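Okay, structure first, notes after.
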2 protein chains.
Amino acid sequence: MTTNAPSDRDLVLTRLIDAPPEKVYRAWTDPALLKQWFAPLPYTTSSAELDVRPGGTSLITMRSPEGNDMPNSGPYLEVVPNERLVITDAYVSAWEPSEKPFMTFILTFENQDGKTRYTALARHWTAADREAHETMGFHTGWGICADQLTALVTRSS
Amino acid sequence: MTTNAPSDRDLVLTRLIDAPPEKVYRAWTDPALLKQWFAPLPYTTSSAELDVRPGGTSLITMRSPEGNDMPNSGPYLEVVPNERLVITDAYVSAWEPSEKPFMTFILTFENQDGKTRYTALARHWTAADREAHETMGFHTGWGICADQLTALVTRSS
């Protein structure tokens with residue numbers, strides 16, 4: 001299930017995942033777990049270094065089927081354990097400006113009767129960037145990732 | 001004394017102020033004090049609302065001699081009491097994107113034998129923005145403000 005937010009700058013994916021928020025949050029913050037679901041197959045995650053604190057850097061490298069590495073780096077702006085993460089690509093690290101501020105990623109993990117209402121909101125600086133991101137396949141890509149994330153956190157205890 | 005940083009994206013102003021860091025920091029974080037020095041005269045500061053915490057909003061309105069109000073709003077990214085403040089204009093508040101990410105303002109208050117090594121670093125997203133800011137009068141404007149700040153924190157105990 002994916003929906004567009006009313007805002008013309010936002011793209012949103014939301015799922016109800018049958019696992020507690022602590023577990024879904026851990027899949028986002030433990031590099032060994034994140035590498036198992038973060039890239040939409042056949043892409044893989046070749047490395048993940050996650051300094052999970054406000055101002056800490058998230059450095060995740062995806063690898064294409066052809067073997068090309070695509071690093072993505074940005075600082076966490078907010079860290080509320082088991083509830084909320086905010087990451088931006090306006091900086092490559094605290095506080096080195098990136099080439100182009102494109103989006104802020106706001107992740108929320110809400111407890112709903114022991115399950116997790118998982119919401120990934122991509123908020124762009126411009127409506128044009130939002131549209132480009134949608135055209136690039138936001139819903140499909142993040143949908144596959146959400147499937148992989150769900151499979152990971154629901155298959156073991 | 002003003003100098004340009006080696007980086008082509010940075011503008012820097014630094015002063016040694018004869019007052020302790022606590023006092024210079026307070027002049028940046030207490031709205032009643034900030035209003036006394038923040039705008040280069042004949043501009044004034046008509047209002048200041050400072051929610052001094054990471055993710056809190058700094059909302060400062062300057063008034064021109066003609067009576068035009070110019071609001072400036074952005075979140076604090078880092079708050080280290082009496083040592084360091086980081087503010088960005090990439091967001092108007094946490095985490096609403098602004099029209100144009102222009103700069104990040106990194107303020108440091110270092111203790112040097114009871115005095116304060118005060119450094120205001122404006123780090124821009126592009127070299128063109130840095131140049132525009134310099135042409136707009138960064139050094140003159142921030143120099144006047146630093147004089148006013150120095151006068152405020154050194155005149156009373």
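We name chains A, B, ... following the order of the structure tokens; residues begin at 1 in each chain, and ligands are numbered from 1 as shown.
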
Residues of chain A that have any atom at most 8 Å from an atom of chain B: could you tabulate them with the shortest-distance atom pair and the distance in Å to one decimal, using only C-alpha atoms, ordered by chain and increasing number, as a Markdown table?
```
| residue | atom | partner | partner_atom | distance |
| --- | --- | --- | --- | --- |
| A:Gly55 | CA | B:Glu78 | CA | 7.7 |
| A:Leu77 | CA | B:Leu77 | CA | 7.1 |
| A:Glu78 | CA | B:Gly55 | CA | 7.7 |
| A:Ala90 | CA | B:Ala90 | CA | 7.9 |
| A:Trp95 | CA | B:Thr104 | CA | 7.6 |
| A:Pro97 | CA | B:Trp125 | CA | 5.5 |
| A:Ser98 | CA | B:Trp125 | CA | 7.1 |
| A:Glu99 | CA | B:Trp125 | CA | 7.3 |
| A:Lys100 | CA | B:Trp125 | CA | 7.9 |
| A:Pro101 | CA | B:Pro101 | CA | 7.4 |
| A:Thr104 | CA | B:Trp95 | CA | 7.6 |
| A:Arg123 | CA | B:Pro97 | CA | 7.8 |
| A:His124 | CA | B:Pro97 | CA | 7.3 |
| A:Trp125 | CA | B:Pro97 | CA | 5.5 |
```

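Neighbouring residues of region 26-30 of chain B at 8 Å or closer, counting only C-alpha atoms and skipping chain neighbours under 3 positions away, are B:Glu22, B:Lys23, B:Leu33, B:Leu34, B:Leu50, B:Val52, B:Asn82, B:Leu149, B:Val153.
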
Saved selection, atoms kept: N, CA and C atoms, as a compact mmCIF listing (two decimals), in the first residue's frame:
```txt
# COMPACT_ATOMS: atom_id res chain seq x y z
N GLU B 22 30.12 31.92 28.40
CA GLU B 22 28.74 31.82 28.90
C GLU B 22 27.96 33.09 28.55
N LYS B 23 28.64 34.19 28.64
CA LYS B 23 27.97 35.47 28.43
C LYS B 23 27.72 35.74 26.94
N LEU B 33 18.30 39.66 25.07
CA LEU B 33 19.67 40.12 24.81
C LEU B 33 19.95 40.18 23.31
N LEU B 34 19.53 39.13 22.60
CA LEU B 34 19.79 39.09 21.15
C LEU B 34 19.23 40.32 20.43
N LEU B 50 13.31 32.08 20.23
CA LEU B 50 14.43 31.16 20.13
C LEU B 50 14.15 29.89 20.93
N VAL B 52 15.78 27.05 21.75
CA VAL B 52 17.17 26.61 21.65
C VAL B 52 17.33 25.15 22.06
N ASN B 82 26.98 27.01 25.78
CA ASN B 82 28.20 27.80 26.02
C ASN B 82 29.37 27.46 25.10
N LEU B 149 27.59 43.20 19.59
CA LEU B 149 27.60 42.07 20.53
C LEU B 149 28.70 42.28 21.58
N VAL B 153 28.21 42.59 25.72
CA VAL B 153 28.69 41.62 26.71
C VAL B 153 29.87 42.14 27.52
```

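The coordinates place CA of Val80 (chain A) at 14.5 Å from CA of Thr119 (chain A).
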
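Atom to atom, CA of Glu83 (chain B) and CA of Pro75 (chain A) stand 20.7 Å apart.
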
Quick one: residues within 9 Å of region 134-141 of chain A, only C-alpha atoms counted, chain neighbours fewer than 4 positions away excluded, as a PDB file with C-alpha atoms, in the first residue's frame?
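Result file is around-v8.pdb:
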```
ATOM      1  CA  THR A   2       1.459   3.329  -1.037  1.00  0.00           C
ATOM      2  CA  THR A   3      -0.186   6.731  -1.074  1.00  0.00           C
ATOM      3  CA  LEU A  11       6.051  10.926  -1.245  1.00  0.00           C
ATOM      4  CA  VAL A  12       4.806   8.455   1.349  1.00  0.00           C
ATOM      5  CA  LEU A  13       4.906   4.731   1.854  1.00  0.00           C
ATOM      6  CA  ALA A  39      18.423  -2.537  -1.421  1.00  0.00           C
ATOM      7  CA  PRO A  40      15.663  -3.675  -3.778  1.00  0.00           C
ATOM      8  CA  ASP A 129      12.213  16.802  -7.328  1.00  0.00           C
ATOM      9  CA  ARG A 130       9.243  14.967  -5.872  1.00  0.00           C
ATOM     10  CA  CYS A 145      12.253  -2.728   0.217  1.00  0.00           C
ATOM     11  CA  ALA A 146       9.249  -2.672   2.551  1.00  0.00           C
TER      12      ALA A 146
END
```

> What are the DSSP alpha helix (DSSP H) residues of chain A, as a PyMOL selection string?
Replying inline: chain A and resi 21-29+31-37+127-135+138-155

>> I want to know what sits within 9 Å of Asn72 (chain B), based on only C-alpha atoms, with residues of the same chain fewer than 3 positions away left out; could you give that as a PyMOL selection string?
In response: chain B and resi 58-62+89+92

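When only C-alpha atoms are used to compute distances to Tyr76 (chain A), the closest of the residues A:Thr57, A:Thr14, A:Gln112, A:Thr154 turns out to be A:Thr57.
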
>> Neighbouring residues of Pro21 (chain A) were defined as those with any atom within 7 Å, considering only C-alpha atoms; residues of the same chain fewer than 5 positions away were excluded. Please report them as a ChimeraX atom specification.
In response: /A:82,109-111,115-116

Would you save the residues of that selection, restricted to C-alpha atoms, as a PDB file, in the first residue's frame?
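Ended up saving to result_17.pdb:
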```
ATOM      1  CA  ASN A  82      12.023   2.817  18.456  1.00  0.00           C
ATOM      2  CA  PHE A 109       7.512   3.442  13.835  1.00  0.00           C
ATOM      3  CA  GLU A 110       4.174   3.573  15.673  1.00  0.00           C
ATOM      4  CA  ASN A 111       2.925   0.873  17.986  1.00  0.00           C
ATOM      5  CA  LYS A 115       2.243  -4.276  15.414  1.00  0.00           C
ATOM      6  CA  THR A 116       4.111  -1.445  13.740  1.00  0.00           C
TER       7      THR A 116
END
```
